[in-house]
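Inspection log for the structure reproduced underneath, given as structure tokens.
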Amino acid sequence: MAAPADIQRIQDALTLVNQAIPVVQAAVAEAQRPEDKLALTETGIMLVNIQTTLTQALIATDDNIFLADTAKLRAQAGILQAQASQIQNIVNTVGQIAQVVGWLVQLLAIVGGLP
Amino acid sequence: MTDMSTLRQFPTTIVICTCFAGCSGLTQIQDTVTKFDQGAHTLSTTQIAFAKSAQTADCNFQFYENVWNYSKAADPAPPIPLALTGPCVPEVMTNDNIAVRQNLLNAITLYADQIQAVASADSDKTLSAKSQDAAGKLNSLAKSHGLIETNGMPVAAAVEAAVIGITNMILSAKQLSDIKSSAKAQSANLRTIADHLQLENMQIAKNMAAKAGSVANMFETTIALVKQDGILISKGQSAPARANNPQVYLLAVSARQMLLNTPPLGVGMSATGSLVQQDSVTVASQLNSALESLVSANDAISNASTGGLIAEVADLVARAQAAQAMQAALAK
């Protein structure tokens with residue numbers, strides 16, 4: 001059974017992902033350069049995949065949270081980390097992305113703290 | 001003589017009037033509790049339909065993500081297989097998840113059936129043999145930690161206890177006589193199950209909305225890339241003649257048509273003409289309101305007067321029906 005601290009981590013991660021996804025998806029429309037759209041779309045897809053894994057964890061466990069998907073989350077976070085550095089370059093053209101980059105840093109720290 | 005006759009009839013008249021008043025009150029409560037039961041059943045079927053929509057959304061997203069990854073693979077080695085057909089394995093709402101959800105909803109509907117039976121004039125308050133059997137199986141399942149989610153984990157202990165509490169009541173229904181105390185005894189159990197379902201509903205809805213948005217992003221970005229190539233070609237800067245402006249237009253039109261026709265990721269047009277992707281969140285909100293009404297209506301059965309009860313049950317029925325209609329539109 002997962003520790004309460006890990007349950008809290010999953011919920012905190014979901015809060016960040018739920019916040020970040022609509023902003024990233026809106027930024028795709030705002031971005032002018034196709035390359036920026038591409039990078040943001042890739043980040044959005046990975047965030048949706050992470051949200052899916054976290055949602056599955058939440059649904060399947062409630063307070064008896066299971067962390068069998070931790071390895072999957074860690075792999076997804078690794079890809080997201082590489083993408084985060086790519087979208088860092090878009091900050092100058094799409095203002096909202098600065099906020100998202102901050103959330104992603106927090107998200108990666110939370111996922112990294114999972115057992 | 002006439003006066004005496006009237007006087008003799010007076011007590012009888014009082015008794016008859018009292019009986020009518022009492023019977024009328026009882027009938028009113030029975031009628032309202034019947035509606036409570038109907039509302040609970042409507043809510044239950046809509047919850048399952050919503051969960052199945054989440055599965056469909058997940059499978060559609062998996063398809064578009066696969067196509068996206070396939071299309072960006074520049075080198076055939078290592079190849080990313082294109083899965084145009086074949087089975088889908090939902091990740092967010094698995095068949096196991098739906099089975100657990102169905103069990104929780106069965107506990108709610110069996111409870112609503114039982115409350116209706118308690119409200120009846122019949123001296124035997126037990127449900128049918130079939131319902132008793134269902135309650136017994138559910139009770140055993142919960143007691144043996146058999147409400148298993150994906151990856152073999154049981155549901156939360158509090159949810160398990162709530163299911164046991166409700167089914168215990170159904171299995172000992174012969175002892176029930178007072179509807180108010182019966183409803184009061186299950187108030188906390190209903191609250192626990194409703195909280196669990198509400199949390200799931202909203203997160204599932206956010207995931208569905210995110211997937212719809214992500215698919216739209218894939219289309220939008222693809223169109224932008226095709227357009228860019230077209231511009232380069234028109235300037236003689238690039239050879240691959242795979243795009244031009246008419247193609248971009250056609251791609252955009254077909255992408256929109258695909259989005260509109262992809263249930264339940266399908267997006268509708270708002271009054272202002274913009275695409276709406278929040279349908280799943282709206283359905284989840286309505287489902288959660290209906291769950292809230294269910295708990296409130298049960299509290300009204302245990303506490304309030306007939307008037308208060310009628311209002312709460314009317315609210316439950318209206319919200320459950322609205323959720324059902326919204327879910328039907330989402331699944332189109």
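Ordering of the structure tokens sets the chain letters (A, B, ...); residue numbers start at 1 within each chain; ligands are numbered from 1 in the order shown.
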
Proximal residues of chain B relative to chain A (only C-alpha atoms; 8 Å) as a PyMOL selection string:
chain B and resi 65+91-93+97+149-151+153-157+196+200+203-204+206-207+210-211+213-214+217-218+220-221+224-225+228

| request: Please identify all polymer residues within 12 Å of B:Ser140, counting only C-alpha atoms, omitting same-chain residues fewer than 6 positions from it, and present them as a PyMOL selection string. | output: chain B and resi 103+133-134+146-147+160-161+163-165+167-168+171

Produce a file of the selected residues containing C-alpha atoms, as an mmCIF file, in the first residue's frame.
data_model
loop_
_atom_site.group_PDB
_atom_site.id
_atom_site.type_symbol
_atom_site.label_atom_id
_atom_site.label_comp_id
_atom_site.auth_asym_id
_atom_site.auth_seq_id
_atom_site.Cartn_x
_atom_site.Cartn_y
_atom_site.Cartn_z
ATOM 1 C CA ASN B 103 -20.821 -2.895 -8.380
ATOM 2 C CA ASP B 133 -29.181 -12.749 -4.224
ATOM 3 C CA ALA B 134 -27.453 -9.809 -5.923
ATOM 4 C CA GLY B 146 -13.138 -8.662 -4.059
ATOM 5 C CA LEU B 147 -14.017 -5.239 -5.457
ATOM 6 C CA GLU B 160 -15.749 -1.274 0.702
ATOM 7 C CA ALA B 161 -17.273 -0.673 4.138
ATOM 8 C CA VAL B 163 -20.990 -1.352 0.193
ATOM 9 C CA ILE B 164 -21.023 -3.828 3.087
ATOM 10 C CA GLY B 165 -23.170 -1.451 5.156
ATOM 11 C CA THR B 167 -25.961 -4.667 1.489
ATOM 12 C CA ASN B 168 -26.186 -5.688 5.162
ATOM 13 C CA LEU B 171 -30.046 -8.669 3.677
#

Counting only C-alpha atoms, the residue among B:Val215, B:Ser131, B:Glu292, B:Ile193 that lies closest to B:Tyr64 is B:Val215

As a short mmCIF file (atom, residue, chain, number, x, y, z; two decimals) with N, CA, C and O atoms, in the first residue's frame, please: every residue in chain A that DSSP puts in alpha helix (DSSP H).
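As written to disk, part-v6.cif reads:
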data_model
loop_
_atom_site.label_atom_id
_atom_site.label_comp_id
_atom_site.auth_asym_id
_atom_site.auth_seq_id
_atom_site.Cartn_x
_atom_site.Cartn_y
_atom_site.Cartn_z
N PRO A 4 0.90 7.73 2.48
CA PRO A 4 0.09 8.94 2.25
C PRO A 4 0.85 10.02 1.48
O PRO A 4 0.26 10.74 0.67
N ALA A 5 2.15 10.09 1.71
CA ALA A 5 2.95 11.11 1.00
C ALA A 5 2.95 10.84 -0.50
O ALA A 5 2.92 11.78 -1.31
N ASP A 6 2.96 9.56 -0.90
CA ASP A 6 2.95 9.21 -2.32
C ASP A 6 1.58 9.48 -2.94
O ASP A 6 1.48 9.89 -4.10
N ILE A 7 0.53 9.23 -2.16
CA ILE A 7 -0.82 9.54 -2.63
C ILE A 7 -0.92 11.03 -2.90
O ILE A 7 -1.45 11.46 -3.92
N GLN A 8 -0.36 11.80 -1.97
CA GLN A 8 -0.39 13.26 -2.13
C GLN A 8 0.40 13.68 -3.37
O GLN A 8 0.00 14.59 -4.09
N ARG A 9 1.52 12.99 -3.63
CA ARG A 9 2.34 13.32 -4.81
C ARG A 9 1.54 13.10 -6.10
O ARG A 9 1.60 13.91 -7.02
N ILE A 10 0.81 12.00 -6.15
CA ILE A 10 0.00 11.71 -7.35
C ILE A 10 -1.05 12.81 -7.54
O ILE A 10 -1.26 13.31 -8.65
N GLN A 11 -1.69 13.19 -6.45
CA GLN A 11 -2.73 14.23 -6.56
C GLN A 11 -2.13 15.57 -6.95
O GLN A 11 -2.70 16.31 -7.76
N ASP A 12 -0.96 15.89 -6.38
CA ASP A 12 -0.30 17.16 -6.73
C ASP A 12 0.12 17.15 -8.20
O ASP A 12 0.00 18.16 -8.90
N ALA A 13 0.63 16.00 -8.64
CA ALA A 13 1.05 15.89 -10.04
C ALA A 13 -0.15 16.06 -10.97
O ALA A 13 -0.07 16.74 -12.00
N LEU A 14 -1.27 15.48 -10.59
CA LEU A 14 -2.49 15.62 -11.41
C LEU A 14 -2.94 17.07 -11.47
O LEU A 14 -3.37 17.55 -12.53
N THR A 15 -2.86 17.76 -10.35
CA THR A 15 -3.26 19.17 -10.33
C THR A 15 -2.42 19.97 -11.34
O THR A 15 -2.95 20.76 -12.13
N LEU A 16 -1.11 19.72 -11.33
CA LEU A 16 -0.21 20.44 -12.24
C LEU A 16 -0.50 20.08 -13.70
O LEU A 16 -0.56 20.95 -14.57
N VAL A 17 -0.70 18.79 -13.95
CA VAL A 17 -0.96 18.34 -15.33
C VAL A 17 -2.29 18.90 -15.82
O VAL A 17 -2.39 19.37 -16.96
N ASN A 18 -3.30 18.86 -14.95
CA ASN A 18 -4.61 19.40 -15.34
C ASN A 18 -4.54 20.89 -15.66
O ASN A 18 -5.27 21.38 -16.51
N GLN A 19 -3.64 21.59 -14.96
CA GLN A 19 -3.46 23.02 -15.23
C GLN A 19 -2.70 23.24 -16.53
O GLN A 19 -3.02 24.13 -17.32
N ALA A 20 -1.67 22.44 -16.73
CA ALA A 20 -0.75 22.67 -17.85
C ALA A 20 -1.36 22.32 -19.21
O ALA A 20 -1.13 23.03 -20.20
N ILE A 21 -2.15 21.26 -19.26
CA ILE A 21 -2.64 20.78 -20.56
C ILE A 21 -3.44 21.84 -21.32
O ILE A 21 -3.14 22.10 -22.50
N PRO A 22 -4.45 22.46 -20.72
CA PRO A 22 -5.21 23.45 -21.51
C PRO A 22 -4.35 24.61 -22.00
O PRO A 22 -4.57 25.13 -23.09
N VAL A 23 -3.35 24.99 -21.19
CA VAL A 23 -2.48 26.11 -21.59
C VAL A 23 -1.61 25.71 -22.77
O VAL A 23 -1.47 26.46 -23.75
N VAL A 24 -1.04 24.51 -22.71
CA VAL A 24 -0.19 24.03 -23.82
C VAL A 24 -1.03 23.88 -25.09
O VAL A 24 -0.60 24.28 -26.18
N GLN A 25 -2.23 23.33 -24.92
CA GLN A 25 -3.08 23.12 -26.11
C GLN A 25 -3.51 24.45 -26.73
O GLN A 25 -3.56 24.59 -27.95
N ALA A 26 -3.76 25.44 -25.89
CA ALA A 26 -4.12 26.76 -26.42
C ALA A 26 -2.91 27.41 -27.08
O ALA A 26 -3.04 28.14 -28.08
N ALA A 27 -1.73 27.14 -26.53
CA ALA A 27 -0.50 27.73 -27.09
C ALA A 27 -0.21 27.21 -28.50
O ALA A 27 0.42 27.90 -29.30
N VAL A 28 -0.66 26.00 -28.80
CA VAL A 28 -0.47 25.45 -30.16
C VAL A 28 -1.14 26.39 -31.16
O VAL A 28 -0.59 26.70 -32.22
N ALA A 29 -2.33 26.82 -30.81
CA ALA A 29 -3.06 27.73 -31.71
C ALA A 29 -2.38 29.10 -31.78
O ALA A 29 -2.36 29.74 -32.83
N GLU A 30 -1.84 29.53 -30.64
CA GLU A 30 -1.22 30.86 -30.59
C GLU A 30 0.12 30.92 -31.32
O GLU A 30 0.48 31.94 -31.89
N PRO A 34 5.39 26.81 -37.48
CA PRO A 34 5.00 25.39 -37.46
C PRO A 34 5.89 24.55 -36.54
O PRO A 34 5.41 23.62 -35.90
N GLU A 35 7.19 24.89 -36.47
CA GLU A 35 8.09 24.11 -35.60
C GLU A 35 7.68 24.25 -34.13
O GLU A 35 7.79 23.30 -33.35
N ASP A 36 7.23 25.47 -33.77
CA ASP A 36 6.77 25.68 -32.39
C ASP A 36 5.49 24.88 -32.13
O ASP A 36 5.32 24.28 -31.07
N LYS A 37 4.60 24.90 -33.12
CA LYS A 37 3.36 24.12 -32.98
C LYS A 37 3.70 22.64 -32.76
O LYS A 37 3.09 21.96 -31.94
N LEU A 38 4.68 22.19 -33.54
CA LEU A 38 5.08 20.78 -33.46
C LEU A 38 5.60 20.44 -32.06
O LEU A 38 5.18 19.46 -31.44
N ALA A 39 6.49 21.28 -31.56
CA ALA A 39 7.08 21.03 -30.23
C ALA A 39 5.99 21.06 -29.15
O ALA A 39 5.98 20.21 -28.25
N LEU A 40 5.10 22.02 -29.26
CA LEU A 40 4.04 22.14 -28.25
C LEU A 40 3.06 20.97 -28.34
O LEU A 40 2.58 20.47 -27.32
N THR A 41 2.77 20.53 -29.57
CA THR A 41 1.86 19.39 -29.73
C THR A 41 2.47 18.14 -29.11
O THR A 41 1.79 17.37 -28.41
N GLU A 42 3.77 17.95 -29.36
CA GLU A 42 4.45 16.79 -28.76
C GLU A 42 4.40 16.85 -27.24
O GLU A 42 4.13 15.84 -26.57
N THR A 43 4.64 18.03 -26.69
CA THR A 43 4.57 18.18 -25.22
C THR A 43 3.16 17.91 -24.72
O THR A 43 2.96 17.24 -23.69
N GLY A 44 2.18 18.42 -25.47
CA GLY A 44 0.78 18.19 -25.08
C GLY A 44 0.43 16.71 -25.08
O GLY A 44 -0.23 16.22 -24.15
N ILE A 45 0.89 15.99 -26.10
CA ILE A 45 0.60 14.54 -26.16
C ILE A 45 1.22 13.83 -24.96
O ILE A 45 0.58 13.00 -24.31
N MET A 46 2.46 14.19 -24.64
CA MET A 46 3.11 13.52 -23.51
C MET A 46 2.41 13.87 -22.19
O MET A 46 2.24 12.99 -21.32
N LEU A 47 1.97 15.12 -22.06
CA LEU A 47 1.24 15.50 -20.84
C LEU A 47 -0.07 14.71 -20.72
O LEU A 47 -0.46 14.29 -19.63
N VAL A 48 -0.74 14.51 -21.86
CA VAL A 48 -1.99 13.72 -21.83
C VAL A 48 -1.69 12.28 -21.42
O VAL A 48 -2.43 11.68 -20.64
N ASN A 49 -0.59 11.75 -21.93
CA ASN A 49 -0.22 10.38 -21.54
C ASN A 49 0.09 10.29 -20.04
O ASN A 49 -0.29 9.31 -19.38
N ILE A 50 0.78 11.30 -19.53
CA ILE A 50 1.08 11.31 -18.08
C ILE A 50 -0.22 11.46 -17.29
O ILE A 50 -0.43 10.78 -16.28
N GLN A 51 -1.11 12.32 -17.79
CA GLN A 51 -2.40 12.50 -17.12
C GLN A 51 -3.18 11.17 -17.10
O GLN A 51 -3.81 10.82 -16.10
N THR A 52 -3.10 10.44 -18.22
CA THR A 52 -3.79 9.14 -18.30
C THR A 52 -3.24 8.18 -17.24
O THR A 52 -4.01 7.53 -16.53
N THR A 53 -1.92 8.11 -17.14
CA THR A 53 -1.31 7.20 -16.15
C THR A 53 -1.69 7.62 -14.72
O THR A 53 -2.04 6.78 -13.89
N LEU A 54 -1.63 8.92 -14.47
CA LEU A 54 -1.98 9.41 -13.13
C LEU A 54 -3.46 9.18 -12.82
O LEU A 54 -3.83 8.81 -11.70
N THR A 55 -4.31 9.38 -13.83
CA THR A 55 -5.76 9.18 -13.65
C THR A 55 -6.04 7.72 -13.34
O THR A 55 -6.84 7.40 -12.46
N GLN A 56 -5.36 6.84 -14.08
CA GLN A 56 -5.54 5.41 -13.83
C GLN A 56 -5.14 5.08 -12.40
O GLN A 56 -5.83 4.34 -11.69
N ALA A 57 -4.04 5.66 -11.95
CA ALA A 57 -3.58 5.43 -10.57
C ALA A 57 -4.62 5.93 -9.58
O ALA A 57 -4.93 5.26 -8.60
N LEU A 58 -5.16 7.09 -9.85
CA LEU A 58 -6.16 7.68 -8.95
C LEU A 58 -7.43 6.83 -8.91
O LEU A 58 -7.95 6.52 -7.84
N ILE A 59 -7.91 6.44 -10.08
CA ILE A 59 -9.15 5.66 -10.15
C ILE A 59 -8.97 4.30 -9.49
O ILE A 59 -9.83 3.84 -8.75
N ALA A 60 -7.85 3.70 -9.75
CA ALA A 60 -7.66 2.33 -9.29
C ALA A 60 -7.42 2.23 -7.80
O ALA A 60 -7.53 1.17 -7.24
N THR A 61 -7.12 3.33 -7.16
CA THR A 61 -6.65 3.18 -5.79
C THR A 61 -7.39 4.03 -4.77
O THR A 61 -7.58 3.60 -3.65
N THR A 70 4.51 3.33 -11.62
CA THR A 70 5.58 4.30 -11.35
C THR A 70 6.66 4.28 -12.42
O THR A 70 7.13 5.33 -12.86
N ALA A 71 7.01 3.08 -12.85
CA ALA A 71 8.06 2.97 -13.87
C ALA A 71 7.62 3.64 -15.16
O ALA A 71 8.40 4.34 -15.81
N LYS A 72 6.34 3.44 -15.50
CA LYS A 72 5.79 4.07 -16.71
C LYS A 72 5.83 5.59 -16.58
O LYS A 72 6.21 6.30 -17.51
N LEU A 73 5.44 6.07 -15.41
CA LEU A 73 5.44 7.51 -15.17
C LEU A 73 6.85 8.08 -15.29
O LEU A 73 7.05 9.16 -15.85
N ARG A 74 7.82 7.32 -14.77
CA ARG A 74 9.20 7.80 -14.80
C ARG A 74 9.70 7.90 -16.24
O ARG A 74 10.38 8.86 -16.61
N ALA A 75 9.33 6.91 -17.06
CA ALA A 75 9.74 6.93 -18.47
C ALA A 75 9.09 8.12 -19.19
O ALA A 75 9.74 8.83 -19.97
N GLN A 76 7.83 8.33 -18.91
CA GLN A 76 7.12 9.46 -19.54
C GLN A 76 7.74 10.79 -19.10
O GLN A 76 7.88 11.71 -19.90
N ALA A 77 8.08 10.86 -17.83
CA ALA A 77 8.68 12.09 -17.31
C ALA A 77 10.02 12.36 -17.97
O ALA A 77 10.39 13.51 -18.22
N GLY A 78 10.76 11.27 -18.28
CA GLY A 78 12.05 11.43 -18.94
C GLY A 78 11.89 12.07 -20.32
O GLY A 78 12.64 12.98 -20.69
N ILE A 79 10.88 11.62 -21.06
CA ILE A 79 10.61 12.20 -22.39
C ILE A 79 10.17 13.65 -22.24
O ILE A 79 10.58 14.53 -22.98
N LEU A 80 9.32 13.87 -21.24
CA LEU A 80 8.82 15.23 -21.01
C LEU A 80 9.96 16.19 -20.67
O LEU A 80 9.95 17.34 -21.10
N GLN A 81 10.93 15.68 -19.94
CA GLN A 81 12.07 16.53 -19.56
C GLN A 81 12.80 17.03 -20.80
O GLN A 81 13.15 18.20 -20.89
N ALA A 82 13.00 16.12 -21.77
CA ALA A 82 13.66 16.52 -23.01
C ALA A 82 12.81 17.53 -23.78
O ALA A 82 13.32 18.51 -24.34
N GLN A 83 11.50 17.31 -23.77
CA GLN A 83 10.60 18.23 -24.48
C GLN A 83 10.55 19.60 -23.79
O GLN A 83 10.43 20.63 -24.44
N ALA A 84 10.63 19.57 -22.46
CA ALA A 84 10.55 20.83 -21.71
C ALA A 84 11.69 21.76 -22.11
O ALA A 84 11.50 22.98 -22.21
N SER A 85 12.87 21.17 -22.36
CA SER A 85 13.98 22.02 -22.76
C SER A 85 13.76 22.59 -24.16
O SER A 85 14.21 23.68 -24.48
N GLN A 86 13.04 21.82 -25.00
CA GLN A 86 12.72 22.32 -26.35
C GLN A 86 11.73 23.48 -26.28
O GLN A 86 11.91 24.50 -26.95
N ILE A 87 10.67 23.31 -25.48
CA ILE A 87 9.66 24.37 -25.46
C ILE A 87 10.14 25.59 -24.69
O ILE A 87 9.56 26.65 -24.78
N GLN A 88 11.23 25.41 -23.92
CA GLN A 88 11.83 26.56 -23.23
C GLN A 88 12.16 27.65 -24.25
O GLN A 88 12.04 28.83 -23.98
N ILE A 97 3.86 30.05 -22.08
CA ILE A 97 4.68 28.86 -21.93
C ILE A 97 5.65 28.98 -20.76
O ILE A 97 6.03 27.98 -20.15
N ALA A 98 6.04 30.21 -20.40
CA ALA A 98 6.94 30.38 -19.26
C ALA A 98 6.31 29.78 -18.01
O ALA A 98 6.97 29.08 -17.24
N GLN A 99 5.02 30.02 -17.86
CA GLN A 99 4.28 29.48 -16.72
C GLN A 99 4.28 27.94 -16.77
O GLN A 99 4.49 27.28 -15.76
N VAL A 100 4.05 27.41 -17.99
CA VAL A 100 3.98 25.95 -18.15
C VAL A 100 5.33 25.31 -17.81
O VAL A 100 5.38 24.28 -17.14
N VAL A 101 6.41 25.96 -18.26
CA VAL A 101 7.74 25.40 -17.98
C VAL A 101 7.96 25.29 -16.47
O VAL A 101 8.48 24.28 -15.98
N GLY A 102 7.50 26.28 -15.74
CA GLY A 102 7.59 26.24 -14.28
C GLY A 102 6.82 25.05 -13.71
O GLY A 102 7.31 24.34 -12.82
N TRP A 103 5.62 24.83 -14.25
CA TRP A 103 4.80 23.69 -13.77
C TRP A 103 5.48 22.36 -14.09
O TRP A 103 5.43 21.43 -13.31
N LEU A 104 6.09 22.30 -15.29
CA LEU A 104 6.73 21.04 -15.69
C LEU A 104 7.91 20.71 -14.78
O LEU A 104 8.13 19.55 -14.43
N VAL A 105 8.64 21.75 -14.39
CA VAL A 105 9.77 21.54 -13.46
C VAL A 105 9.24 20.96 -12.15
O VAL A 105 9.79 19.99 -11.60
N GLN A 106 8.13 21.53 -11.65
CA GLN A 106 7.51 21.02 -10.41
C GLN A 106 7.03 19.57 -10.61
O GLN A 106 7.21 18.72 -9.74
N LEU A 107 6.41 19.34 -11.77
CA LEU A 107 5.87 18.00 -12.06
C LEU A 107 6.98 16.95 -12.06
O LEU A 107 6.84 15.88 -11.46
N LEU A 108 8.08 17.30 -12.74
CA LEU A 108 9.20 16.35 -12.82
C LEU A 108 9.77 16.07 -11.43
O LEU A 108 10.16 14.94 -11.12
N ALA A 109 9.80 17.09 -10.60
CA ALA A 109 10.31 16.91 -9.23
C ALA A 109 9.39 15.97 -8.45
O ALA A 109 9.85 15.10 -7.70
N ILE A 110 8.08 16.14 -8.64
CA ILE A 110 7.12 15.29 -7.92
C ILE A 110 7.25 13.84 -8.37
O ILE A 110 7.33 12.91 -7.56
N VAL A 111 7.25 13.64 -9.70
CA VAL A 111 7.34 12.26 -10.23
C VAL A 111 8.66 11.62 -9.81
O VAL A 111 8.72 10.44 -9.46
N GLY A 112 9.72 12.44 -9.78
CA GLY A 112 11.03 11.94 -9.36
C GLY A 112 11.04 11.49 -7.91
O GLY A 112 11.86 10.65 -7.52
#
